[in-house]
Structure formats: structure tokens, C-alpha cells
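Text of final-v3.txt, listed as compact mmCIF, C-alpha atoms and all ligand atoms:
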```txt
# COMPACT_ATOMS: atom_id res chain seq x y z
CA MET A 1 33.88 3.02 -25.36
CA PRO A 2 30.20 2.75 -24.42
CA ARG A 3 29.35 4.06 -20.98
CA THR A 4 27.14 2.12 -18.64
CA LEU A 5 24.17 3.75 -16.98
CA ASP A 6 23.78 3.80 -13.26
CA PRO A 7 21.13 1.11 -12.49
CA GLU A 8 18.89 3.63 -10.74
CA LEU A 9 19.05 5.96 -13.72
CA ARG A 10 18.45 3.06 -16.09
CA ARG A 11 15.34 2.07 -14.15
CA ALA A 12 14.13 5.66 -14.21
CA LEU A 13 14.64 5.81 -17.97
CA ALA A 14 12.83 2.53 -18.46
CA ALA A 15 9.95 3.86 -16.36
CA ARG A 16 9.88 7.03 -18.43
CA ILE A 17 9.75 5.09 -21.66
CA ARG A 18 7.04 2.79 -20.29
CA TYR A 19 5.12 5.93 -19.43
CA TYR A 20 5.33 7.09 -23.07
CA ASN A 21 4.40 3.62 -24.29
CA GLU A 22 1.37 3.60 -22.04
CA MET A 23 0.29 6.83 -23.71
CA GLY A 24 0.58 5.06 -27.07
CA ILE A 25 3.93 6.59 -28.05
CA TYR A 26 6.50 4.10 -29.27
CA ASP A 27 8.79 5.88 -31.66
CA PHE A 28 11.70 7.99 -30.48
CA TYR A 29 14.26 10.14 -32.18
CA ARG A 30 17.87 10.43 -31.11
CA ARG A 31 19.57 13.78 -31.54
CA PRO A 32 23.37 14.04 -31.77
CA LEU A 33 24.91 15.36 -28.56
CA SER A 34 26.38 18.43 -30.21
CA GLU A 35 23.07 19.80 -31.49
CA PRO A 36 21.39 22.75 -29.81
CA GLN A 37 18.52 22.16 -27.40
CA GLU A 38 15.56 22.15 -29.70
CA MET A 39 13.27 19.69 -31.36
CA ALA A 40 15.13 17.13 -33.45
CA PRO A 41 15.57 18.25 -37.04
CA ALA A 42 14.61 16.12 -39.98
CA THR A 43 18.18 14.83 -40.29
CA SER A 44 18.19 13.31 -36.82
CA GLU A 45 18.79 9.63 -36.52
CA LYS A 46 15.57 7.75 -35.94
CA ALA A 47 15.31 4.98 -33.45
CA SER A 48 12.14 3.74 -35.11
CA MET A 49 9.72 4.83 -37.79
CA ALA A 50 7.14 2.14 -37.40
CA SER A 51 4.16 4.30 -36.54
CA GLY A 52 2.87 7.82 -36.92
CA GLN A 53 3.25 8.83 -33.30
CA SER A 54 6.63 9.83 -32.02
CA ALA A 55 8.28 11.65 -29.17
CA VAL A 56 11.56 13.49 -28.92
CA VAL A 57 12.35 11.97 -25.58
CA ALA A 58 15.91 13.18 -25.38
CA THR A 59 14.80 16.78 -25.72
CA ALA A 60 12.04 16.29 -23.20
CA ILE A 61 14.49 14.89 -20.70
CA GLU A 62 17.15 17.52 -21.18
CA THR A 63 14.73 20.38 -20.85
CA GLN A 64 13.23 19.08 -17.61
CA PRO A 65 15.79 19.14 -14.82
CA GLN A 66 13.25 17.38 -12.65
CA TRP A 67 11.43 15.21 -15.12
CA PRO A 68 8.45 13.25 -13.95
CA VAL A 69 8.85 9.52 -13.73
CA PHE A 70 5.67 7.47 -14.04
CA GLN A 71 4.80 7.09 -10.43
CA PRO A 72 1.59 5.44 -9.31
CA GLU A 73 0.29 5.82 -5.82
CA SER A 74 2.24 4.00 -3.19
CA SER A 75 0.79 0.64 -2.29
CA GLU A 76 0.25 -1.54 0.72
CA GLY A 77 3.05 -3.92 1.54
CA MET A 78 5.50 -2.40 -0.89
CA THR A 79 7.84 0.53 -0.58
CA PRO A 80 6.75 3.54 -2.64
CA ARG A 81 8.62 4.29 -5.83
CA LYS A 82 11.33 6.88 -5.51
CA ALA A 83 10.52 10.27 -6.95
CA GLY A 84 12.10 10.90 -10.31
CA THR A 85 14.28 13.87 -9.63
CA ALA A 86 17.43 12.84 -11.46
CA VAL A 87 19.35 15.53 -13.32
CA LEU A 88 20.49 13.53 -16.28
CA PRO A 89 24.04 13.55 -17.59
CA VAL A 90 24.63 14.06 -21.30
CA ALA A 91 25.55 10.37 -21.59
CA VAL A 92 21.86 9.56 -21.34
CA GLU A 93 21.35 10.03 -25.05
CA GLU A 94 23.90 7.36 -25.85
CA ASN A 95 22.36 4.86 -23.53
CA MET A 96 18.66 5.41 -23.32
CA PHE A 97 17.97 3.58 -26.55
CA GLU A 98 19.59 0.52 -25.08
CA VAL A 99 16.54 0.47 -22.81
CA ILE A 100 14.12 0.27 -25.73
CA ALA A 101 16.34 -1.82 -27.97
CA ALA A 102 14.60 -4.51 -29.97
CA LYS A 103 14.03 -7.59 -27.88
CA PRO A 104 15.36 -10.94 -29.14
CA GLU A 105 11.89 -12.49 -29.20
CA GLN A 106 10.45 -9.80 -31.46
CA GLY A 107 9.38 -11.25 -34.78
CA VAL A 108 9.50 -14.82 -33.47
CA SER A 109 6.11 -16.33 -34.19
CA ASP A 110 6.47 -19.54 -32.14
CA PRO A 111 5.63 -18.55 -28.54
CA ALA A 112 7.62 -21.45 -27.07
CA LYS A 113 10.73 -20.30 -28.92
CA ALA A 114 10.06 -16.68 -28.00
CA LEU A 115 9.76 -17.58 -24.31
CA LYS A 116 13.05 -19.47 -24.56
CA LEU A 117 14.69 -16.35 -25.98
CA ILE A 118 13.34 -14.25 -23.11
CA ARG A 119 14.71 -16.81 -20.64
CA GLU A 120 18.09 -16.66 -22.35
CA ASP A 121 17.99 -12.87 -22.24
CA LEU A 122 17.27 -13.01 -18.52
CA GLY A 123 20.34 -15.19 -18.10
CA ASP A 124 21.81 -15.71 -14.65
CA CYS A 125 20.15 -12.46 -13.67
CA THR A 126 21.76 -10.10 -11.18
CA ARG A 127 19.61 -7.07 -12.01
CA CYS A 128 18.07 -6.67 -8.56
CA PRO A 129 19.20 -7.40 -5.00
CA LEU A 130 17.26 -10.68 -4.87
CA HIS A 131 20.02 -12.40 -6.83
CA LYS A 132 22.29 -12.31 -3.78
CA GLN A 133 19.76 -13.02 -1.08
CA GLY A 134 19.81 -16.79 -1.10
CA ARG A 135 17.96 -17.77 -4.23
CA LYS A 136 18.75 -21.26 -5.48
CA GLN A 137 17.45 -20.66 -8.96
CA ILE A 138 15.42 -18.32 -11.11
CA VAL A 139 11.78 -19.36 -11.38
CA PHE A 140 10.85 -18.20 -14.84
CA GLY A 141 7.31 -19.47 -15.38
CA VAL A 142 5.62 -22.63 -16.55
CA GLY A 143 2.75 -23.77 -18.69
CA ASN A 144 1.18 -23.52 -22.08
CA PRO A 145 2.99 -20.92 -24.24
CA LYS A 146 -0.34 -20.30 -26.01
CA ALA A 147 -2.44 -20.20 -22.86
CA GLU A 148 -5.66 -18.22 -22.89
CA LEU A 149 -5.44 -17.89 -19.14
CA MET A 150 -2.46 -16.77 -17.07
CA PHE A 151 -2.05 -16.68 -13.32
CA ILE A 152 0.44 -14.20 -11.91
CA GLY A 153 1.63 -14.47 -8.34
CA GLU A 154 4.00 -12.46 -6.22
CA GLY A 155 7.25 -14.42 -6.09
CA PRO A 156 8.66 -17.88 -5.51
CA GLY A 157 8.63 -19.45 -2.07
CA ALA A 158 10.92 -22.14 -0.68
CA ASP A 159 9.37 -25.03 -2.65
CA GLU A 160 9.37 -23.04 -5.87
CA ASP A 161 12.98 -22.00 -5.31
CA GLU A 162 13.89 -25.63 -4.77
CA GLN A 163 12.03 -26.97 -7.82
CA GLY A 164 12.38 -24.03 -10.20
CA GLU A 165 8.64 -23.93 -10.88
CA PRO A 166 6.04 -21.46 -9.62
CA PHE A 167 3.23 -22.58 -7.32
CA VAL A 168 4.37 -26.08 -6.40
CA GLY A 169 4.03 -25.92 -2.59
CA ARG A 170 0.84 -25.93 -0.53
CA ALA A 171 -0.35 -22.74 -2.15
CA GLY A 172 0.39 -24.34 -5.51
CA GLN A 173 -1.76 -27.34 -4.66
CA LEU A 174 -4.61 -25.02 -3.81
CA LEU A 175 -4.09 -23.16 -7.07
CA ASN A 176 -4.20 -26.50 -8.90
CA ASN A 177 -7.53 -27.22 -7.21
CA MET A 178 -8.83 -23.80 -8.18
CA ILE A 179 -7.80 -24.41 -11.79
CA LYS A 180 -9.42 -27.86 -11.73
CA ALA A 181 -12.62 -26.38 -10.37
CA MET A 182 -12.69 -24.11 -13.38
CA GLY A 183 -12.89 -27.21 -15.56
CA ILE A 184 -9.36 -27.01 -16.91
CA GLU A 185 -5.94 -28.42 -16.14
CA ARG A 186 -2.78 -26.75 -14.92
CA LYS A 187 -0.95 -27.60 -18.14
CA GLN A 188 -3.46 -25.52 -20.11
CA VAL A 189 -2.63 -22.26 -18.34
CA TYR A 190 0.61 -20.33 -17.84
CA ILE A 191 1.80 -19.48 -14.34
CA ALA A 192 4.45 -16.92 -13.41
CA ASN A 193 5.34 -14.42 -10.72
CA VAL A 194 6.13 -10.72 -10.60
CA VAL A 195 9.64 -11.47 -9.30
CA LYS A 196 11.50 -14.56 -10.39
CA CYS A 197 13.76 -15.02 -7.38
CA ARG A 198 12.71 -15.97 -3.88
CA PRO A 199 12.64 -13.04 -1.47
CA PRO A 200 14.44 -14.09 1.74
CA GLY A 201 12.12 -15.41 4.43
CA ASN A 202 9.25 -15.17 1.94
CA ARG A 203 9.05 -11.44 2.56
CA THR A 204 7.04 -9.24 0.23
CA PRO A 205 9.16 -8.15 -2.74
CA GLU A 206 10.26 -4.53 -2.64
CA ARG A 207 8.90 -2.10 -5.17
CA GLU A 208 12.33 -1.75 -6.76
CA GLU A 209 12.61 -5.53 -7.16
CA CYS A 210 9.16 -5.69 -8.79
CA ASP A 211 10.00 -2.80 -11.11
CA THR A 212 13.26 -4.41 -12.15
CA CYS A 213 11.91 -7.90 -12.74
CA SER A 214 8.42 -7.24 -14.10
CA PRO A 215 9.53 -6.12 -17.60
CA PHE A 216 10.46 -9.75 -18.25
CA LEU A 217 6.99 -10.80 -17.14
CA MET A 218 5.52 -8.18 -19.47
CA ARG A 219 7.49 -9.71 -22.32
CA GLN A 220 6.23 -13.19 -21.40
CA ILE A 221 2.67 -11.92 -21.45
CA ALA A 222 3.18 -10.23 -24.82
CA VAL A 223 4.43 -13.53 -26.26
CA ILE A 224 1.70 -15.71 -24.74
CA LYS A 225 -1.08 -13.24 -25.58
CA PRO A 226 -3.61 -14.57 -23.08
CA LYS A 227 -7.26 -13.61 -23.11
CA VAL A 228 -7.38 -13.25 -19.34
CA ILE A 229 -4.81 -12.76 -16.61
CA VAL A 230 -5.66 -13.47 -12.98
CA ALA A 231 -3.48 -11.50 -10.58
CA LEU A 232 -3.13 -13.48 -7.36
CA GLY A 233 -2.89 -11.20 -4.37
CA ALA A 234 -2.22 -7.55 -3.72
CA VAL A 235 1.41 -7.39 -4.87
CA ALA A 236 0.65 -8.93 -8.25
CA ALA A 237 -2.47 -6.81 -8.69
CA LYS A 238 -0.82 -3.55 -7.76
CA THR A 239 2.27 -4.22 -9.86
CA MET A 240 0.27 -5.21 -12.91
CA LEU A 241 -2.21 -2.37 -12.62
CA ALA A 242 0.26 0.21 -11.25
CA MET A 243 -2.35 1.39 -8.83
CA SER A 244 -2.93 1.33 -5.14
CA ALA A 245 -6.19 0.11 -3.67
CA SER A 246 -7.44 -2.49 -1.26
CA MET A 247 -8.19 -6.01 -2.45
CA ALA A 248 -11.87 -5.30 -1.85
CA GLN A 249 -11.66 -2.41 -4.29
CA LEU A 250 -9.53 -4.26 -6.83
CA ARG A 251 -11.59 -7.46 -7.02
CA GLY A 252 -14.90 -8.06 -8.73
CA ARG A 253 -14.27 -6.47 -12.11
CA PHE A 254 -12.11 -6.75 -15.21
CA TYR A 255 -9.41 -4.30 -16.20
CA ASP A 256 -8.19 -3.78 -19.76
CA PHE A 257 -4.56 -4.73 -19.67
CA MET A 258 -1.66 -4.22 -22.05
CA PRO A 259 1.85 -5.11 -20.87
CA ALA A 260 3.74 -1.91 -20.07
CA GLY A 261 6.38 -0.97 -22.60
CA ILE A 262 5.22 -3.52 -25.15
CA ARG A 263 3.74 -2.91 -28.54
CA SER A 264 1.99 -5.94 -29.88
CA ASN A 265 2.96 -6.88 -33.41
CA ASP A 266 -0.14 -9.02 -33.62
CA PRO A 267 -3.18 -7.07 -34.84
CA ASN A 268 -5.36 -9.80 -33.34
CA TRP A 269 -4.01 -9.21 -29.85
CA GLN A 270 -4.47 -5.75 -28.45
CA GLY A 271 -4.15 -6.69 -24.81
CA CYS A 272 -6.33 -8.75 -22.54
CA LYS A 273 -8.54 -8.59 -19.49
CA LEU A 274 -7.15 -8.76 -16.00
CA ALA A 275 -8.99 -9.90 -12.89
CA VAL A 276 -7.78 -9.83 -9.31
CA THR A 277 -8.34 -12.46 -6.68
CA TYR A 278 -6.82 -13.61 -3.42
CA HIS A 279 -3.44 -15.33 -3.36
CA PRO A 280 -3.81 -19.05 -2.57
CA ALA A 281 -1.41 -18.63 0.37
CA PHE A 282 -3.83 -16.09 1.83
CA LEU A 283 -6.73 -18.49 1.26
CA LEU A 284 -4.84 -21.16 3.19
CA ARG A 285 -4.59 -18.74 6.09
CA ASP A 286 -8.19 -17.57 5.81
CA PRO A 287 -10.30 -20.28 4.12
CA ARG A 288 -13.45 -18.21 4.71
CA GLN A 289 -12.43 -16.14 1.69
CA LYS A 290 -12.49 -19.11 -0.67
CA GLY A 291 -16.08 -18.34 -1.61
CA GLU A 292 -15.07 -14.83 -2.64
CA ALA A 293 -12.18 -16.19 -4.70
CA TRP A 294 -14.56 -18.61 -6.39
CA LYS A 295 -16.77 -15.69 -7.41
CA ASP A 296 -13.72 -14.10 -9.08
CA LEU A 297 -12.91 -17.31 -10.91
CA GLN A 298 -16.51 -17.71 -12.06
CA MET A 299 -16.28 -14.25 -13.59
CA VAL A 300 -13.18 -15.41 -15.46
CA MET A 301 -14.84 -18.65 -16.56
CA LYS A 302 -17.74 -16.71 -18.00
CA GLU A 303 -15.39 -14.42 -19.88
CA LEU A 304 -13.43 -17.32 -21.33
CA ASP A 305 -16.38 -19.52 -22.14
CA LEU A 306 -14.31 -22.38 -20.87
CA LYS A 307 -15.93 -24.98 -23.01
CA ALA A 308 -14.12 -23.37 -25.85
CA LEU A 309 -10.81 -23.06 -23.99
CA ARG A 310 -7.85 -23.82 -26.23
CA THR A 311 -6.04 -27.01 -25.22
CA THR A 312 -2.89 -26.77 -27.30
S1 LIG B 401 14.10 -11.14 -9.15
FE1 LIG B 401 14.15 -10.83 -11.35
S2 LIG B 401 15.38 -8.98 -11.64
FE2 LIG B 401 15.78 -9.72 -9.56
S3 LIG B 401 17.62 -11.00 -9.79
FE3 LIG B 401 15.81 -12.35 -9.95
S4 LIG B 401 15.39 -12.51 -12.14
FE4 LIG B 401 16.75 -10.75 -11.84
```

Take the structure in the file and give it back as C-alpha cells.
Amino acid sequence: MPRTLDPELRRALAARIRYYNEMGIYDFYRRPLSEPQEMAPATSEKASMASGQSAVVATAIETQPQWPVFQPESSEGMTPRKAGTAVLPVAVEENMFEVIAAKPEQGVSDPAKALKLIREDLGDCTRCPLHKQGRKQIVFGVGNPKAELMFIGEGPGADEDEQGEPFVGRAGQLLNNMIKAMGIERKQVYIANVVKCRPPGNRTPEREECDTCSPFLMRQIAVIKPKVIVALGAVAAKTMLAMSASMAQLRGRFYDFMPAGIRSNDPNWQGCKLAVTYHPAFLLRDPRQKGEAWKDLQMVMKELDLKALRTT
């Protein structure tokens, strides 16, 4: 009977695999449990043979009692990630490939259908503590499945929780105005959040909650294949970029971005650019920063050549 991984261990494994993916390694070999502790022989079962690069992850894990989990610097407003010091049980080899199992949307060329499959895979999610902290519904994301521009916020608030759509309250109205000022309409872009359930009292989502939920966002991004993502606020920026810095340091430039743990099957999409600007809720509290946010959006407009922005 298949054993189930401890959620903490599962998250650590997912982080480890994302770390390999970020280094450009996607293919992994599974070695039978009874084999000696050495590199997988040619007869080992292969999880994937799609590319030339590969890693014997199981061996790497077993031979490192304290294996390093991908751990960016701790960030403002979020709890730091726990150090990866797990001593893994043998059962890991049976389960770790569950983490990198083929996703249902893979090979689906219609982005709307692919997004639907991701939503179905998310289900009535109970993967992180936010599921039992008063959410009314999961706020998956909304907009054009082929959008060239995506906005990523932090998490749903009360209005979003009520309506099941991101950015529909006062901050949402301001975001709509920002989008309009860019010469486009809300329906042309795609809008989502790092976490899909409302944190109680609109608190900042915990690092663990972001880590658990964001893989679904990464899958959404991989399906939509935008040209530019705008991260709204520090939580979104730090989660997407896996780095810690002030907003002043993060803004004002583009980052090359590829969703963690995702390998694009589209040779025409090898990632996108990511810009950081202030969260509309922050701009409502401090309207003096609107000029700075506008500079960020102008940078994005230039990059997208908005006259040519796709409308379907
Ligand atoms: S925030 Fe994300 S991971 Fe957590 S319960 Fe909601 S959908 Fe699931």
C-alpha cells in the first residue's frame, strides 16, 4: 500500500526538486530500494528521459544526512523558510516522484482548458493552514488565458473571498485604473495571487503558505506564457523572485523569470520578464507613491509595445 509523505517532508522534497529544475535539471532516475548506495546503474528505472541532463536525486538525498533545501534569504513580512535538515526515511524513493509527476495540463495546447485542469487539480484544497482559517472560497485567478501581461498580488481580501475573484475591492478598482492608464482593459490581462485563500484578518501570508500554494501559480504562469509579469507588493515580489530585498531595491528593473519547477514544452516561450511595483492597497494608504508605480508601469508598457498587445 502506498505510503503518504509527511507534508513537511513533501514540501522539502518539492523545494529540492525545484532547486534542481532551477539549475536546468529535469530528469531523475529512481533506484530500487534494495540497491547499494551508489550511482544508479543503467538498468535503473527512469522517471524521464526527455533531455540530456539528469540527476540521481535519490542517491544525492540518501548520501546527505543534512541535505540542503533551496533556501533564499529570509524576507520582510514573512517567516523565514525552515532549514532543510530532515534525515529522510527510505520511503522517500517511493514517494518523491509523486512530487514531480506529470501534471494534468501538460500537453494541453488550449490554455483555457489547461487552466481548468489546474483548477480541478487544486480541488477543494486543504494543502495549507489557510483552508481552515475562514476562507469562503478559493480565489484561483481571472482573465485572459493567453494574456501577455499578468499581475500577481499577495492573497485575496474580504471582497475577493466573497466574490471568488482577485482584486475586486478598493485595491482592485485602483488596479483597474492602473491597467486602464496603460491603454488596455482588465479582461486583456490575467490576475492572480500567490496564495489563493484569504489569510484571516488580511494578515500577510506565511512563508509556508506561499511555498505550498505558489506551485499552482507557477503552473498557471506556464500555461498562460505571458511576456511580462508585474509583481504587486513585497510578498509577491519576494515569493516570485525567491530573494529578499527592499521594494526600493526590487523596483525599477526587469528580472528574467521562469516559473520554478516548470519546464516549458513550448520552444517559443522560455520564460518572461518580471517587474515589481507597489501593491494597490499600499498606494491607497500612501498615494504619494503613485508616481513611482506609474514609472514601473511605463517600463512595462515600453517592453510590451502596448499598441501591439494581443486582445484575444
Ligand atoms: S492557500 Fe493555496 S495551498 Fe493553501 S489551502 Fe488555499 S489553495 Fe490550498

Could you list, as a PyMOL selection string, all protein and nucleic acid residues with an atom at most 9 Å from ligand LIG 401 (chain B), counting all atoms listed in the file? chain A and resi 122-132+135+137-140+155+194-199+205+209-216

Go ahead and save the residues from that selection, with C-alpha atoms, as a compact mmCIF listing (two decimals), in the frame of the given file.
```
# COMPACT_ATOMS: atom_id res chain seq x y z
CA LEU A 122 17.27 -13.01 -18.52
CA GLY A 123 20.34 -15.19 -18.10
CA ASP A 124 21.81 -15.71 -14.65
CA CYS A 125 20.15 -12.46 -13.67
CA THR A 126 21.76 -10.10 -11.18
CA ARG A 127 19.61 -7.07 -12.01
CA CYS A 128 18.07 -6.67 -8.56
CA PRO A 129 19.20 -7.40 -5.00
CA LEU A 130 17.26 -10.68 -4.87
CA HIS A 131 20.02 -12.40 -6.83
CA LYS A 132 22.29 -12.31 -3.78
CA ARG A 135 17.96 -17.77 -4.23
CA GLN A 137 17.45 -20.66 -8.96
CA ILE A 138 15.42 -18.32 -11.11
CA VAL A 139 11.78 -19.36 -11.38
CA PHE A 140 10.85 -18.20 -14.84
CA GLY A 155 7.25 -14.42 -6.09
CA VAL A 194 6.13 -10.72 -10.60
CA VAL A 195 9.64 -11.47 -9.30
CA LYS A 196 11.50 -14.56 -10.39
CA CYS A 197 13.76 -15.02 -7.38
CA ARG A 198 12.71 -15.97 -3.88
CA PRO A 199 12.64 -13.04 -1.47
CA PRO A 205 9.16 -8.15 -2.74
CA GLU A 209 12.61 -5.53 -7.16
CA CYS A 210 9.16 -5.69 -8.79
CA ASP A 211 10.00 -2.80 -11.11
CA THR A 212 13.26 -4.41 -12.15
CA CYS A 213 11.91 -7.90 -12.74
CA SER A 214 8.42 -7.24 -14.10
CA PRO A 215 9.53 -6.12 -17.60
CA PHE A 216 10.46 -9.75 -18.25
```

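Nearest residue to Gly201 (chain A), choosing from A:Gln133, A:Gln163, A:Asn177, A:Gln106 and counting all atoms listed in the file: A:Gln133.
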
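Each of A:Glu206, A:Asp161, A:Asp121, A:Asp266 was compared to Ser109 (chain A) using all atoms listed in the file, and A:Asp266 turns out to be the nearest.
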
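Counting from CA of Ala242 (chain A), the distance to CA of Asp110 (chain A) is 29.4 Å.
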
Would you pick out the contacts of Glu165 (chain A) at 9 Å or less, using all atoms listed in the file, so that residues sharing its chain but fewer than 5 positions from it are not included, and give the list as a compact mmCIF listing (two decimals) with C-alpha atoms, in the coordinates of the input?
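Below you can see around.txt, which holds the result:
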```txt
# COMPACT_ATOMS: atom_id res chain seq x y z
CA ILE A 138 15.42 -18.32 -11.11
CA VAL A 139 11.78 -19.36 -11.38
CA PHE A 140 10.85 -18.20 -14.84
CA GLY A 141 7.31 -19.47 -15.38
CA VAL A 142 5.62 -22.63 -16.55
CA PRO A 156 8.66 -17.88 -5.51
CA ASP A 159 9.37 -25.03 -2.65
CA GLU A 160 9.37 -23.04 -5.87
CA ILE A 191 1.80 -19.48 -14.34
CA ALA A 192 4.45 -16.92 -13.41
```

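When CA of Ile152 (chain A) is paired with CA of Glu303 (chain A), their separation reads 17.7 Å.
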
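Ranking A:Ala158, A:Ala171, A:Leu304, A:Leu149 by their shortest atom-to-atom distance to Lys187 (chain A), with only C-alpha atoms included, puts A:Leu149 first.
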
Any idea what the distance is between CA of Val168 (chain A) and CA of Gly153 (chain A)? 12.1 Å

Which polymer residues, protein or nucleic acid, are no farther than 7 Å from (-5.6, -5.2, -13.7), counting all atoms listed in the file, as a compact mmCIF listing (two decimals) with C-alpha atoms, in the frame of the given file?
```
# COMPACT_ATOMS: atom_id res chain seq x y z
CA ALA A 237 -2.47 -6.81 -8.69
CA MET A 240 0.27 -5.21 -12.91
CA LEU A 241 -2.21 -2.37 -12.62
CA PHE A 254 -12.11 -6.75 -15.21
CA TYR A 255 -9.41 -4.30 -16.20
CA ASP A 256 -8.19 -3.78 -19.76
CA PHE A 257 -4.56 -4.73 -19.67
CA LEU A 274 -7.15 -8.76 -16.00
CA ALA A 275 -8.99 -9.90 -12.89
CA VAL A 276 -7.78 -9.83 -9.31
```

From the set A:Arg16, A:Arg170, A:Arg251, A:Lys103, which residue has the shortest atom-to-atom contact distance to Lys295 (chain A), counting all atoms listed in the file? A:Arg251

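The shell of residues at most 7 Å from Pro145 (chain A), with all atoms listed in the file counted and near chain neighbours (fewer than 5 positions) removed, consists of Pro111, Ala112, Tyr190 and Ile224 of chain A.
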
Long-range neighbours of Ile179 (chain A) as JSON, numbers by chain, 10 Å cut-off, only C-alpha atoms, 4 positions minimum in chain: {"A": [151, 173, 174, 175, 183, 184, 185, 186, 187, 188, 189, 297]}

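Shortest atom-to-atom contact with Val228 (chain A) among A:Leu306, A:Val108, A:Pro200, A:Gln249: A:Leu306, counting all atoms listed in the file.
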
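Remark: for Pro259 (chain A), the closest of the candidate residues A:Arg288, A:Lys225, A:Lys146, A:Lys180 is A:Lys225 (distances computed over only C-alpha atoms).
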